[in-house]
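This report refers to the structure that appears directly beneath it.
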Amino acid sequence: MSTKSAAWRFRYTARLRLVDAGVVTWAIAGAFGIRFGFTEIGDGSVRDIDYVLLSAALILAWWFMLEFWGSRDARVLGSGSEEYKRVIASSAWLFGFVAIVSYALKIDTARGFVGLAFPAGAIGLVVARWLVRQHLSLERSRGWSSSRVLIIGGPYSAAHLVRSLRSAPAAGYLPVAAHVPGATVEAPGLKSLSIPVTGVDTDFETILSVILDTNVDAVAVSAGVNMHPQDLRRLGWELAARDIGMILAPALTDVAGPRIHTQPVAGLPLIHVSTPKLTGGKKVAKRAFDITIAGILLAMLSPLFLTLAVLVRFTNPGPVFYRQERIGLRGTTFNMLKFRSMRVNADDELKALLQAQGSDDKPLFKVENDPRITPLGRILRKYSLDELPQLLNVIGGSMSLVGPRPQREGEVALYDDAAHRRLYVSPGMSGLWQVSGRSNLSWEESIRLDLYYVENWSLMGDVVILFKTFKAVFASTGAV
């Protein structure tokens, strides 16, 4: 492991230890104060002393539990939900253990005290970890605080892995070089590699020497690598002895963790990929989530709804709502609602405007500097306020809070076979591509993100996307 990598890992882990200590102390002390009152401490009663000692023990136990549960492991820091899962799991196990011991030994631990400390601390830890992660992500976007990675594999798979790692800098993997065993110097795939190529030798000793010379923190073995299985196993031993990570990157694209299951067979780690299905209990859970959240939002935002309706009605003649036919689940059609942001009969002008800018035959077509938008409409669109009536679509069942964005019939007509898989789930008010750049993304990238959502749906994923939606809306990123 390089000195720079060891330095950032040590620095970041030390930062997390301090943050965790502060949060758990705040949670326990706050719960103590709310439950018992700080002014009553010090009167000498045994009960006060017992709870002060219990509080100190919980702070230490909670801090060590976070360490032992691997929530500060460098492999889970910076991206993904695994870090947060470990924080919640370690906290839940600790307080579950306290509850069981208290019940078994009939110890009065004041359920109110424990009941306050656990949720406050768990939420505080997640929020604090998120804030620290933002700083780490900023560093990684500049090429710092990342693990230097050597890619070993076939030319095309190595190039794909390099592009994938560079597209997610927050993950903390910085490809610095590639070794393509067995490839010819003139291989077309080598030209697509945007990092230095260390060679094409297949000899084990040569490959190990290249790894040591590049001074990397990890080696990523991609699909199509021209190496004997015994040499790969031996390579793993040598890397482990030198504290260098080994990553196996199979030729699977856009498959999330919950769909991947590893089964060891005769010493081989076979990877099973389950078929994505949004049926049964999952379908009921998603629908219940949609109705609950949409109902709450409608109740909270009703004053804003009324205000916007009045402004739309009196700033530009015409109806308050704009209804447009869109394609939904399994190709069915429905009327999507919006606050009207254009002048009346704007659809009649669309074809001419698209032809004028030469985009009438392209998917996800947009009119640049659209003259049909009203002054109020520009404000509504900038902050996505025109989308709020779609909460009524969600309540009615034609849309979901999260899903692929519903598109017009003309856009769906341009779909290829892969793009049609977007129609396997209900369209959403927000989705992966909206929170990943919104209208700034290309058609291909938008489809890729939507297909990833369709094939890897989870309720927690919907929650995360909704949180990111609020951030994207307030930043007005990509809004038109």
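In the structure tokens, chains take letters A, B, ... by order of appearance, with residues numbered from 1 within each chain and ligands from 1 in the order shown.
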Practice task
Within 10 Å of Gly397 (chain A), counting only C-alpha atoms, which residues show up once you throw out same-chain ones fewer than 6 positions away? Write them as number ranges by chain, please.
Solution key: A: 287, 290-291, 391, 426
Region 157-174 of chain A surroundings by only C-alpha atoms, 7 Å radius, close-in-sequence under 5 positions cut, as a compact mmCIF listing (two decimals) with N, CA and C atoms, in the first residue's frame:
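Here's the written file result-v1.txt:
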```txt
# COMPACT_ATOMS: atom_id res chain seq x y z
N GLY A 78 -17.29 6.65 1.56
CA GLY A 78 -17.30 7.54 0.39
C GLY A 78 -18.47 7.36 -0.53
N SER A 79 -19.00 6.13 -0.70
CA SER A 79 -20.12 5.92 -1.61
C SER A 79 -20.89 4.68 -1.19
N SER A 137 -15.92 13.20 -0.70
CA SER A 137 -16.29 13.16 -2.11
C SER A 137 -15.67 14.33 -2.87
N ARG A 140 -12.07 13.47 -3.43
CA ARG A 140 -11.91 12.44 -4.46
C ARG A 140 -12.20 12.96 -5.85
N SER A 141 -13.10 13.93 -5.97
CA SER A 141 -13.38 14.52 -7.28
C SER A 141 -12.17 15.26 -7.81
N SER A 146 -7.88 8.75 -2.64
CA SER A 146 -8.38 7.60 -3.39
C SER A 146 -7.33 6.50 -3.45
N SER A 147 -7.80 5.28 -3.69
CA SER A 147 -6.89 4.14 -3.84
C SER A 147 -6.41 4.06 -5.28
N ARG A 148 -5.11 4.01 -5.45
CA ARG A 148 -4.53 3.86 -6.79
C ARG A 148 -4.73 2.41 -7.25
N VAL A 149 -5.28 2.25 -8.47
CA VAL A 149 -5.66 0.92 -8.94
C VAL A 149 -4.96 0.59 -10.25
N ILE A 151 -5.33 -1.91 -13.41
CA ILE A 151 -6.32 -2.76 -14.06
C ILE A 151 -5.60 -3.88 -14.81
N ILE A 152 -6.01 -5.12 -14.59
CA ILE A 152 -5.47 -6.26 -15.33
C ILE A 152 -6.63 -6.95 -16.02
N SER A 192 -8.50 2.42 -26.93
CA SER A 192 -9.57 3.02 -26.14
C SER A 192 -9.18 3.19 -24.68
N LEU A 193 -8.02 2.68 -24.29
CA LEU A 193 -7.56 2.85 -22.92
C LEU A 193 -6.96 4.25 -22.77
N SER A 222 -10.16 -7.62 -14.36
CA SER A 222 -11.41 -7.52 -15.10
C SER A 222 -11.63 -8.76 -15.94
N ALA A 223 -12.80 -8.81 -16.59
CA ALA A 223 -13.15 -9.97 -17.42
C ALA A 223 -12.19 -10.10 -18.60
N GLY A 224 -12.03 -11.30 -19.05
CA GLY A 224 -11.19 -11.55 -20.22
C GLY A 224 -9.71 -11.56 -19.94
```
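The closest residue to Leu401 (chain A), picked from A:Thr202, A:Ser446, A:Thr333, A:Thr469 and counting only C-alpha atoms, is A:Thr469.
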At a cut-off of 9 Å, using only C-alpha atoms, what residues contact Asn226 (chain A)? Leave out same-chain residues fewer than 5 positions from it and give the result as a PDB file with N, CA and C atoms, in the first residue's frame.
```
ATOM      1  N   GLY A 153      -6.573  -7.100 -17.348  1.00  0.00           N
ATOM      2  CA  GLY A 153      -7.659  -7.751 -18.073  1.00  0.00           C
ATOM      3  C   GLY A 153      -7.528  -7.592 -19.561  1.00  0.00           C
ATOM      4  N   GLY A 154      -8.572  -7.999 -20.283  1.00  0.00           N
ATOM      5  CA  GLY A 154      -8.599  -7.824 -21.720  1.00  0.00           C
ATOM      6  C   GLY A 154      -8.746  -6.365 -22.088  1.00  0.00           C
ATOM      7  N   VAL A 180      -2.453  -5.681 -19.878  1.00  0.00           N
ATOM      8  CA  VAL A 180      -3.351  -6.509 -20.695  1.00  0.00           C
ATOM      9  C   VAL A 180      -2.618  -7.772 -21.140  1.00  0.00           C
ATOM     10  N   PRO A 181      -2.586  -8.809 -20.294  1.00  0.00           N
ATOM     11  CA  PRO A 181      -1.836 -10.034 -20.613  1.00  0.00           C
ATOM     12  C   PRO A 181      -2.339 -10.689 -21.895  1.00  0.00           C
ATOM     13  N   GLY A 182      -1.416 -11.011 -22.763  1.00  0.00           N
ATOM     14  CA  GLY A 182      -1.740 -11.747 -23.973  1.00  0.00           C
ATOM     15  C   GLY A 182      -2.234 -10.917 -25.129  1.00  0.00           C
ATOM     16  N   ALA A 183      -2.474  -9.636 -24.952  1.00  0.00           N
ATOM     17  CA  ALA A 183      -2.958  -8.803 -26.056  1.00  0.00           C
ATOM     18  C   ALA A 183      -1.810  -8.444 -26.989  1.00  0.00           C
ATOM     19  N   THR A 202       2.301 -12.234 -20.036  1.00  0.00           N
ATOM     20  CA  THR A 202       1.444 -13.129 -19.254  1.00  0.00           C
ATOM     21  C   THR A 202       2.217 -13.825 -18.143  1.00  0.00           C
TER      22      THR A 202
END
```
Practice task
Identify all residues of region 385-452 of chain A in strand (DSSP E or B) (DSSP on the backbone) and supply them as a list in words.
Solution key: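 Assigned to strand (DSSP E or B), within region 385-452 of chain A: Ser400, Leu401, Val402, Gln407, Gly428, Met429 and Ser430 of chain A.
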Residues as selected, N, CA and C atoms, written as a CSV table (one decimal), in the first residue's frame, can you do that?
```
chain,number,residue,atom,x,y,z
A,400,SER,N,-45.9,6.9,-10.1
A,400,SER,CA,-45.3,6.6,-8.8
A,400,SER,C,-44.4,7.8,-8.4
A,401,LEU,N,-44.1,7.9,-7.1
A,401,LEU,CA,-43.2,9.0,-6.7
A,401,LEU,C,-41.8,8.9,-7.4
A,402,VAL,N,-41.3,7.6,-7.6
A,402,VAL,CA,-40.0,7.4,-8.2
A,402,VAL,C,-40.2,6.4,-9.3
A,407,GLN,N,-42.9,9.5,-20.9
A,407,GLN,CA,-42.5,10.2,-22.1
A,407,GLN,C,-43.7,10.2,-23.1
A,428,GLY,N,-42.4,7.7,-12.9
A,428,GLY,CA,-42.3,8.5,-11.7
A,428,GLY,C,-42.2,10.0,-11.8
A,429,MET,N,-42.5,10.7,-10.8
A,429,MET,CA,-42.3,12.1,-10.7
A,429,MET,C,-40.8,12.4,-10.7
A,430,SER,N,-40.0,11.5,-10.1
A,430,SER,CA,-38.6,11.7,-10.1
A,430,SER,C,-37.9,10.3,-10.4
```
Exercise for the section: Tell me, in Å to one decimal, how far CA of Arg133 (chain A) is from CA of Leu297 (chain A). Expected result: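 A separation of 28.8 Å between them.
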Practice task
Kindly give the distance, in Å, that separates CA of Trp457 (chain A) and CA of Pro119 (chain A), rounded to a single decimal.
Solution key: 26.7 Å
Handout entry: Distance of CA of Arg86 (chain A) from CA of Ala122 (chain A), expressed in Å to one decimal place
Key =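 So the answer is 10.7 Å.
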Practice task
Name the closest residue to Leu60 (chain A) among the candidates A:Thr332, A:Val197, A:Gly22, A:Pro229; distances are taken between atoms, counting only C-alpha atoms.
Solution key: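 Smallest distance to Leu60 (chain A) is found for A:Gly22.
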Among region 369-475 of chain A, which residues does DSSP mark as alpha helix (DSSP H) when it is run on the backbone? Keep the chain and numbering as in the structure and answer as an mmCIF file with N, CA and C atoms, in the first residue's frame.
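Below is the file that was written, states_0.cif:
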```cif
data_model
loop_
_atom_site.group_PDB
_atom_site.id
_atom_site.type_symbol
_atom_site.label_atom_id
_atom_site.label_comp_id
_atom_site.auth_asym_id
_atom_site.auth_seq_id
_atom_site.Cartn_x
_atom_site.Cartn_y
_atom_site.Cartn_z
ATOM 1 N N PRO A 375 -43.461 34.032 -18.343
ATOM 2 C CA PRO A 375 -42.512 34.462 -17.299
ATOM 3 C C PRO A 375 -42.695 33.695 -15.987
ATOM 4 N N LEU A 376 -43.949 33.509 -15.561
ATOM 5 C CA LEU A 376 -44.193 32.719 -14.353
ATOM 6 C C LEU A 376 -43.791 31.267 -14.580
ATOM 7 N N GLY A 377 -44.039 30.788 -15.810
ATOM 8 C CA GLY A 377 -43.698 29.402 -16.124
ATOM 9 C C GLY A 377 -42.214 29.114 -15.989
ATOM 10 N N ARG A 378 -41.369 30.091 -16.303
ATOM 11 C CA ARG A 378 -39.922 29.886 -16.169
ATOM 12 C C ARG A 378 -39.544 29.685 -14.701
ATOM 13 N N ILE A 379 -40.191 30.426 -13.826
ATOM 14 C CA ILE A 379 -39.919 30.261 -12.391
ATOM 15 C C ILE A 379 -40.418 28.897 -11.913
ATOM 16 N N LEU A 380 -41.629 28.532 -12.351
ATOM 17 C CA LEU A 380 -42.184 27.237 -11.960
ATOM 18 C C LEU A 380 -41.281 26.094 -12.413
ATOM 19 N N ARG A 381 -40.779 26.186 -13.626
ATOM 20 C CA ARG A 381 -39.936 25.118 -14.160
ATOM 21 C C ARG A 381 -38.570 25.083 -13.485
ATOM 22 N N LYS A 382 -38.034 26.248 -13.180
ATOM 23 C CA LYS A 382 -36.705 26.294 -12.568
ATOM 24 C C LYS A 382 -36.675 25.520 -11.264
ATOM 25 N N GLN A 390 -48.625 16.422 -10.211
ATOM 26 C CA GLN A 390 -48.456 14.982 -10.477
ATOM 27 C C GLN A 390 -48.609 14.146 -9.211
ATOM 28 N N LEU A 391 -48.617 14.790 -8.042
ATOM 29 C CA LEU A 391 -48.961 14.059 -6.818
ATOM 30 C C LEU A 391 -50.367 13.476 -6.926
ATOM 31 N N LEU A 392 -51.254 14.151 -7.661
ATOM 32 C CA LEU A 392 -52.590 13.620 -7.904
ATOM 33 C C LEU A 392 -52.531 12.391 -8.796
ATOM 34 N N ASN A 393 -51.618 12.386 -9.776
ATOM 35 C CA ASN A 393 -51.398 11.188 -10.594
ATOM 36 C C ASN A 393 -50.924 10.018 -9.739
ATOM 37 N N VAL A 394 -50.063 10.335 -8.760
ATOM 38 C CA VAL A 394 -49.542 9.280 -7.879
ATOM 39 C C VAL A 394 -50.664 8.688 -7.044
ATOM 40 N N ILE A 395 -51.512 9.550 -6.466
ATOM 41 C CA ILE A 395 -52.643 9.074 -5.669
ATOM 42 C C ILE A 395 -53.572 8.222 -6.535
ATOM 43 N N GLY A 396 -53.766 8.636 -7.783
ATOM 44 C CA GLY A 396 -54.651 7.904 -8.681
ATOM 45 C C GLY A 396 -54.079 6.602 -9.199
ATOM 46 N N GLU A 409 -45.712 9.849 -26.755
ATOM 47 C CA GLU A 409 -45.816 8.725 -27.695
ATOM 48 C C GLU A 409 -44.733 8.822 -28.769
ATOM 49 N N GLY A 410 -44.438 10.052 -29.219
ATOM 50 C CA GLY A 410 -43.410 10.213 -30.245
ATOM 51 C C GLY A 410 -42.038 9.793 -29.773
ATOM 52 N N GLU A 411 -41.756 10.009 -28.485
ATOM 53 C CA GLU A 411 -40.468 9.598 -27.922
ATOM 54 C C GLU A 411 -40.409 8.088 -27.768
ATOM 55 N N VAL A 412 -41.499 7.481 -27.302
ATOM 56 C CA VAL A 412 -41.539 6.028 -27.119
ATOM 57 C C VAL A 412 -41.399 5.321 -28.471
ATOM 58 N N LEU A 432 -33.786 8.161 -11.238
ATOM 59 C CA LEU A 432 -32.327 8.188 -11.158
ATOM 60 C C LEU A 432 -31.726 9.231 -12.081
ATOM 61 N N TRP A 433 -32.248 9.329 -13.310
ATOM 62 C CA TRP A 433 -31.585 10.263 -14.227
ATOM 63 C C TRP A 433 -31.921 11.712 -13.903
ATOM 64 N N GLN A 434 -33.070 11.943 -13.256
ATOM 65 C CA GLN A 434 -33.367 13.316 -12.851
ATOM 66 C C GLN A 434 -32.423 13.809 -11.769
ATOM 67 N N VAL A 435 -32.084 12.943 -10.805
ATOM 68 C CA VAL A 435 -31.201 13.361 -9.717
ATOM 69 C C VAL A 435 -29.742 13.207 -10.088
ATOM 70 N N TRP A 443 -29.243 11.028 -24.062
ATOM 71 C CA TRP A 443 -30.303 10.026 -24.154
ATOM 72 C C TRP A 443 -29.804 8.665 -23.695
ATOM 73 N N GLU A 444 -28.612 8.254 -24.129
ATOM 74 C CA GLU A 444 -28.086 6.942 -23.774
ATOM 75 C C GLU A 444 -27.867 6.814 -22.267
ATOM 76 N N GLU A 445 -27.332 7.863 -21.642
ATOM 77 C CA GLU A 445 -27.080 7.813 -20.210
ATOM 78 C C GLU A 445 -28.400 7.809 -19.438
ATOM 79 N N SER A 446 -29.384 8.538 -19.917
ATOM 80 C CA SER A 446 -30.686 8.561 -19.261
ATOM 81 C C SER A 446 -31.330 7.182 -19.290
ATOM 82 N N ILE A 447 -31.281 6.527 -20.441
ATOM 83 C CA ILE A 447 -31.845 5.181 -20.567
ATOM 84 C C ILE A 447 -31.102 4.207 -19.664
ATOM 85 N N ARG A 448 -29.781 4.318 -19.611
ATOM 86 C CA ARG A 448 -28.991 3.409 -18.777
ATOM 87 C C ARG A 448 -29.384 3.534 -17.317
ATOM 88 N N LEU A 449 -29.567 4.763 -16.839
ATOM 89 C CA LEU A 449 -29.941 4.972 -15.450
ATOM 90 C C LEU A 449 -31.357 4.468 -15.172
ATOM 91 N N ASP A 450 -32.272 4.697 -16.120
ATOM 92 C CA ASP A 450 -33.637 4.206 -15.932
ATOM 93 C C ASP A 450 -33.673 2.682 -15.909
ATOM 94 N N LEU A 451 -32.918 2.038 -16.779
ATOM 95 C CA LEU A 451 -32.880 0.576 -16.795
ATOM 96 C C LEU A 451 -32.254 0.039 -15.515
ATOM 97 N N TYR A 452 -31.255 0.742 -14.995
ATOM 98 C CA TYR A 452 -30.653 0.332 -13.719
ATOM 99 C C TYR A 452 -31.713 0.367 -12.620
ATOM 100 N N TYR A 453 -32.536 1.410 -12.628
ATOM 101 C CA TYR A 453 -33.588 1.509 -11.617
ATOM 102 C C TYR A 453 -34.584 0.361 -11.763
ATOM 103 N N VAL A 454 -35.029 0.100 -12.994
ATOM 104 C CA VAL A 454 -36.022 -0.945 -13.233
ATOM 105 C C VAL A 454 -35.516 -2.304 -12.761
ATOM 106 N N GLU A 455 -34.250 -2.591 -13.014
ATOM 107 C CA GLU A 455 -33.721 -3.919 -12.727
ATOM 108 C C GLU A 455 -33.174 -4.067 -11.313
ATOM 109 N N LEU A 459 -37.064 -0.380 -2.002
ATOM 110 C CA LEU A 459 -37.782 0.691 -1.330
ATOM 111 C C LEU A 459 -36.815 1.718 -0.750
ATOM 112 N N MET A 460 -35.693 1.240 -0.191
ATOM 113 C CA MET A 460 -34.695 2.172 0.326
ATOM 114 C C MET A 460 -34.106 3.013 -0.795
ATOM 115 N N GLY A 461 -33.966 2.422 -1.986
ATOM 116 C CA GLY A 461 -33.487 3.187 -3.130
ATOM 117 C C GLY A 461 -34.425 4.317 -3.483
ATOM 118 N N ASP A 462 -35.751 4.063 -3.382
ATOM 119 C CA ASP A 462 -36.724 5.124 -3.626
ATOM 120 C C ASP A 462 -36.573 6.262 -2.622
ATOM 121 N N VAL A 463 -36.353 5.906 -1.361
ATOM 122 C CA VAL A 463 -36.185 6.924 -0.320
ATOM 123 C C VAL A 463 -34.964 7.792 -0.620
ATOM 124 N N VAL A 464 -33.854 7.152 -1.002
ATOM 125 C CA VAL A 464 -32.628 7.893 -1.305
ATOM 126 C C VAL A 464 -32.842 8.831 -2.488
ATOM 127 N N ILE A 465 -33.531 8.359 -3.526
ATOM 128 C CA ILE A 465 -33.775 9.188 -4.709
ATOM 129 C C ILE A 465 -34.639 10.390 -4.355
ATOM 130 N N LEU A 466 -35.632 10.190 -3.485
ATOM 131 C CA LEU A 466 -36.472 11.318 -3.083
ATOM 132 C C LEU A 466 -35.662 12.373 -2.349
ATOM 133 N N PHE A 467 -34.763 11.947 -1.462
ATOM 134 C CA PHE A 467 -33.911 12.915 -0.764
ATOM 135 C C PHE A 467 -33.040 13.670 -1.767
ATOM 136 N N LYS A 468 -32.487 12.961 -2.745
ATOM 137 C CA LYS A 468 -31.650 13.610 -3.751
ATOM 138 C C LYS A 468 -32.479 14.542 -4.631
ATOM 139 N N THR A 469 -33.751 14.212 -4.800
ATOM 140 C CA THR A 469 -34.627 15.052 -5.615
ATOM 141 C C THR A 469 -34.756 16.450 -5.022
ATOM 142 N N PHE A 470 -34.957 16.504 -3.705
ATOM 143 C CA PHE A 470 -35.075 17.810 -3.051
ATOM 144 C C PHE A 470 -33.802 18.626 -3.259
ATOM 145 N N LYS A 471 -32.657 17.960 -3.172
ATOM 146 C CA LYS A 471 -31.387 18.657 -3.363
ATOM 147 C C LYS A 471 -31.264 19.175 -4.783
ATOM 148 N N ALA A 472 -31.638 18.337 -5.776
ATOM 149 C CA ALA A 472 -31.535 18.739 -7.177
ATOM 150 C C ALA A 472 -32.491 19.878 -7.501
ATOM 151 N N VAL A 473 -33.703 19.834 -6.912
ATOM 152 C CA VAL A 473 -34.692 20.880 -7.169
ATOM 153 C C VAL A 473 -34.221 22.224 -6.622
ATOM 154 N N PHE A 474 -33.732 22.217 -5.382
ATOM 155 C CA PHE A 474 -33.320 23.475 -4.780
ATOM 156 C C PHE A 474 -32.085 24.054 -5.488
ATOM 157 N N ALA A 475 -31.255 23.153 -6.042
ATOM 158 C CA ALA A 475 -30.100 23.631 -6.809
ATOM 159 C C ALA A 475 -30.480 23.992 -8.225
#
```
Problem - Spatial neighbours of Phe118 (chain A), 12 Å, only C-alpha atoms, chain gap at least 6 places, as a list in words - result: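 Answer for this query is Val23, Val24, Thr25, Trp26, Ala27, Ile28, Ala29, Gly30, Ala31, Phe32, Leu58, Ile59, Trp62, Val87, Ile88, Ala89, Ser90, Ser91, Ala92, Trp93, Leu94, Phe95, Gly96, Val98, Ala99, Arg111, Gly112, Gly124 and Leu125 of chain A.
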Selected residues written out with N, CA and C atoms, as a JSON list (two decimals), in the first residue's frame:
```json
[["chain", "number", "residue", "atom", "x", "y", "z"],
["A", 23, "VAL", "N", -20.93, 12.59, 18.51],
["A", 23, "VAL", "CA", -22.36, 12.32, 18.31],
["A", 23, "VAL", "C", -22.92, 11.43, 19.41],
["A", 24, "VAL", "N", -22.22, 10.33, 19.73],
["A", 24, "VAL", "CA", -22.77, 9.42, 20.75],
["A", 24, "VAL", "C", -22.79, 10.09, 22.12],
["A", 25, "THR", "N", -21.79, 10.92, 22.40],
["A", 25, "THR", "CA", -21.80, 11.66, 23.67],
["A", 25, "THR", "C", -22.97, 12.63, 23.73],
["A", 26, "TRP", "N", -23.20, 13.32, 22.62],
["A", 26, "TRP", "CA", -24.34, 14.25, 22.54],
["A", 26, "TRP", "C", -25.66, 13.51, 22.72],
["A", 27, "ALA", "N", -25.81, 12.33, 22.08],
["A", 27, "ALA", "CA", -27.06, 11.58, 22.15],
["A", 27, "ALA", "C", -27.33, 11.07, 23.57],
["A", 28, "ILE", "N", -26.30, 10.49, 24.18],
["A", 28, "ILE", "CA", -26.48, 9.94, 25.53],
["A", 28, "ILE", "C", -26.70, 11.06, 26.55],
["A", 29, "ALA", "N", -25.88, 12.10, 26.47],
["A", 29, "ALA", "CA", -26.01, 13.21, 27.42],
["A", 29, "ALA", "C", -27.35, 13.93, 27.25],
["A", 30, "GLY", "N", -27.77, 14.10, 26.00],
["A", 30, "GLY", "CA", -29.06, 14.75, 25.76],
["A", 30, "GLY", "C", -30.22, 13.93, 26.29],
["A", 31, "ALA", "N", -30.17, 12.61, 26.05],
["A", 31, "ALA", "CA", -31.23, 11.73, 26.56],
["A", 31, "ALA", "C", -31.26, 11.75, 28.09],
["A", 32, "PHE", "N", -30.07, 11.77, 28.70],
["A", 32, "PHE", "CA", -30.00, 11.83, 30.17],
["A", 32, "PHE", "C", -30.63, 13.11, 30.69],
["A", 58, "LEU", "N", -22.37, 3.31, 28.10],
["A", 58, "LEU", "CA", -23.03, 3.28, 26.79],
["A", 58, "LEU", "C", -22.24, 4.06, 25.74],
["A", 59, "ILE", "N", -21.69, 5.20, 26.16],
["A", 59, "ILE", "CA", -20.88, 5.99, 25.22],
["A", 59, "ILE", "C", -19.69, 5.19, 24.73],
["A", 62, "TRP", "N", -20.88, 2.10, 22.61],
["A", 62, "TRP", "CA", -21.38, 2.51, 21.29],
["A", 62, "TRP", "C", -20.23, 2.86, 20.37],
["A", 87, "VAL", "N", -23.62, 1.42, 10.44],
["A", 87, "VAL", "CA", -23.86, 2.33, 11.57],
["A", 87, "VAL", "C", -25.17, 1.99, 12.27],
["A", 88, "ILE", "N", -26.23, 1.81, 11.48],
["A", 88, "ILE", "CA", -27.55, 1.49, 12.04],
["A", 88, "ILE", "C", -27.53, 0.11, 12.70],
["A", 89, "ALA", "N", -26.92, -0.87, 12.02],
["A", 89, "ALA", "CA", -26.90, -2.24, 12.55],
["A", 89, "ALA", "C", -26.15, -2.32, 13.87],
["A", 90, "SER", "N", -24.97, -1.69, 13.94],
["A", 90, "SER", "CA", -24.19, -1.73, 15.18],
["A", 90, "SER", "C", -24.93, -1.05, 16.33],
["A", 91, "SER", "N", -25.61, 0.06, 16.03],
["A", 91, "SER", "CA", -26.37, 0.76, 17.06],
["A", 91, "SER", "C", -27.56, -0.08, 17.53],
["A", 92, "ALA", "N", -28.25, -0.71, 16.59],
["A", 92, "ALA", "CA", -29.42, -1.52, 16.94],
["A", 92, "ALA", "C", -29.02, -2.74, 17.76],
["A", 93, "TRP", "N", -27.92, -3.38, 17.39],
["A", 93, "TRP", "CA", -27.47, -4.55, 18.15],
["A", 93, "TRP", "C", -27.07, -4.16, 19.57],
["A", 94, "LEU", "N", -26.42, -3.02, 19.70],
["A", 94, "LEU", "CA", -26.00, -2.59, 21.04],
["A", 94, "LEU", "C", -27.21, -2.36, 21.94],
["A", 95, "PHE", "N", -28.18, -1.59, 21.46],
["A", 95, "PHE", "CA", -29.33, -1.28, 22.30],
["A", 95, "PHE", "C", -30.27, -2.47, 22.45],
["A", 96, "GLY", "N", -30.27, -3.35, 21.46],
["A", 96, "GLY", "CA", -31.02, -4.59, 21.62],
["A", 96, "GLY", "C", -30.41, -5.46, 22.71],
["A", 98, "VAL", "N", -28.65, -4.32, 25.27],
["A", 98, "VAL", "CA", -28.94, -3.65, 26.53],
["A", 98, "VAL", "C", -30.37, -3.98, 27.00],
["A", 99, "ALA", "N", -31.32, -3.97, 26.06],
["A", 99, "ALA", "CA", -32.70, -4.27, 26.41],
["A", 99, "ALA", "C", -32.86, -5.70, 26.90],
["A", 111, "ARG", "N", -36.52, 2.92, 30.34],
["A", 111, "ARG", "CA", -36.79, 2.75, 28.91],
["A", 111, "ARG", "C", -36.85, 4.09, 28.19],
["A", 112, "GLY", "N", -37.31, 5.12, 28.87],
["A", 112, "GLY", "CA", -37.37, 6.43, 28.23],
["A", 112, "GLY", "C", -35.99, 6.96, 27.88],
["A", 124, "GLY", "N", -28.29, 10.98, 14.28],
["A", 124, "GLY", "CA", -27.15, 11.89, 14.34],
["A", 124, "GLY", "C", -25.90, 11.32, 13.69],
["A", 125, "LEU", "N", -25.66, 10.03, 13.89],
["A", 125, "LEU", "CA", -24.49, 9.38, 13.29],
["A", 125, "LEU", "C", -24.59, 9.36, 11.76]]
```
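Proximity to Asp203 (chain A) was assessed for A:His228, A:Arg15, A:Arg75, A:Lys338 counting only C-alpha atoms; the smallest distance is recorded for A:His228.
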Exercise for the section: Compare A:Val310, A:Ala104, A:Val114, A:Leu268 by their minimum atom-to-atom distance to Leu54 (chain A), counting only C-alpha atoms, and give me the closest one. Expected result: A:Val114
Practice task
Find the spatial neighbours of region 322-327 of chain A, counting only C-alpha atoms, within a cut-off of 10 Å - ignore same-chain residues fewer than 3 positions away - and output them as a PyMOL selection string.
Solution key: chain A and resi 318-319+330-342+344+347+386+389+398+405-412+423+426-427
For C-alpha atoms, I'd like the residues from the last selection saved as an mmCIF file, in the first residue's frame.
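In the end it all went to out_26.cif:
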```cif
data_model
loop_
_atom_site.group_PDB
_atom_site.id
_atom_site.type_symbol
_atom_site.label_atom_id
_atom_site.label_comp_id
_atom_site.auth_asym_id
_atom_site.auth_seq_id
_atom_site.Cartn_x
_atom_site.Cartn_y
_atom_site.Cartn_z
ATOM 1 C CA GLY A 318 -56.176 29.960 -19.826
ATOM 2 C CA PRO A 319 -56.636 26.854 -17.648
ATOM 3 C CA ARG A 330 -46.856 -1.550 -20.000
ATOM 4 C CA GLY A 331 -47.461 1.052 -22.699
ATOM 5 C CA THR A 332 -50.798 2.297 -21.358
ATOM 6 C CA THR A 333 -51.642 5.966 -21.804
ATOM 7 C CA PHE A 334 -52.674 8.477 -19.131
ATOM 8 C CA ASN A 335 -53.029 12.233 -18.715
ATOM 9 C CA MET A 336 -50.122 13.707 -16.772
ATOM 10 C CA LEU A 337 -50.942 16.873 -14.831
ATOM 11 C CA LYS A 338 -48.817 20.000 -14.515
ATOM 12 C CA PHE A 339 -49.359 23.620 -13.603
ATOM 13 C CA ARG A 340 -49.556 25.341 -16.979
ATOM 14 C CA SER A 341 -46.218 27.038 -17.700
ATOM 15 C CA MET A 342 -46.803 27.873 -21.398
ATOM 16 C CA VAL A 344 -52.457 28.324 -24.520
ATOM 17 C CA ASP A 347 -48.491 22.119 -28.421
ATOM 18 C CA ASP A 386 -45.032 22.893 -12.253
ATOM 19 C CA PRO A 389 -49.936 18.355 -9.541
ATOM 20 C CA SER A 398 -51.064 6.231 -12.993
ATOM 21 C CA ARG A 405 -39.866 9.654 -16.410
ATOM 22 C CA PRO A 406 -43.093 9.278 -18.494
ATOM 23 C CA GLN A 407 -42.549 10.248 -22.113
ATOM 24 C CA ARG A 408 -44.641 11.208 -25.088
ATOM 25 C CA GLU A 409 -45.816 8.725 -27.695
ATOM 26 C CA GLY A 410 -43.410 10.213 -30.245
ATOM 27 C CA GLU A 411 -40.468 9.598 -27.922
ATOM 28 C CA VAL A 412 -41.539 6.028 -27.119
ATOM 29 C CA LEU A 423 -42.188 0.543 -19.277
ATOM 30 C CA SER A 426 -44.933 2.795 -13.328
ATOM 31 C CA PRO A 427 -43.444 6.119 -14.441
#
```
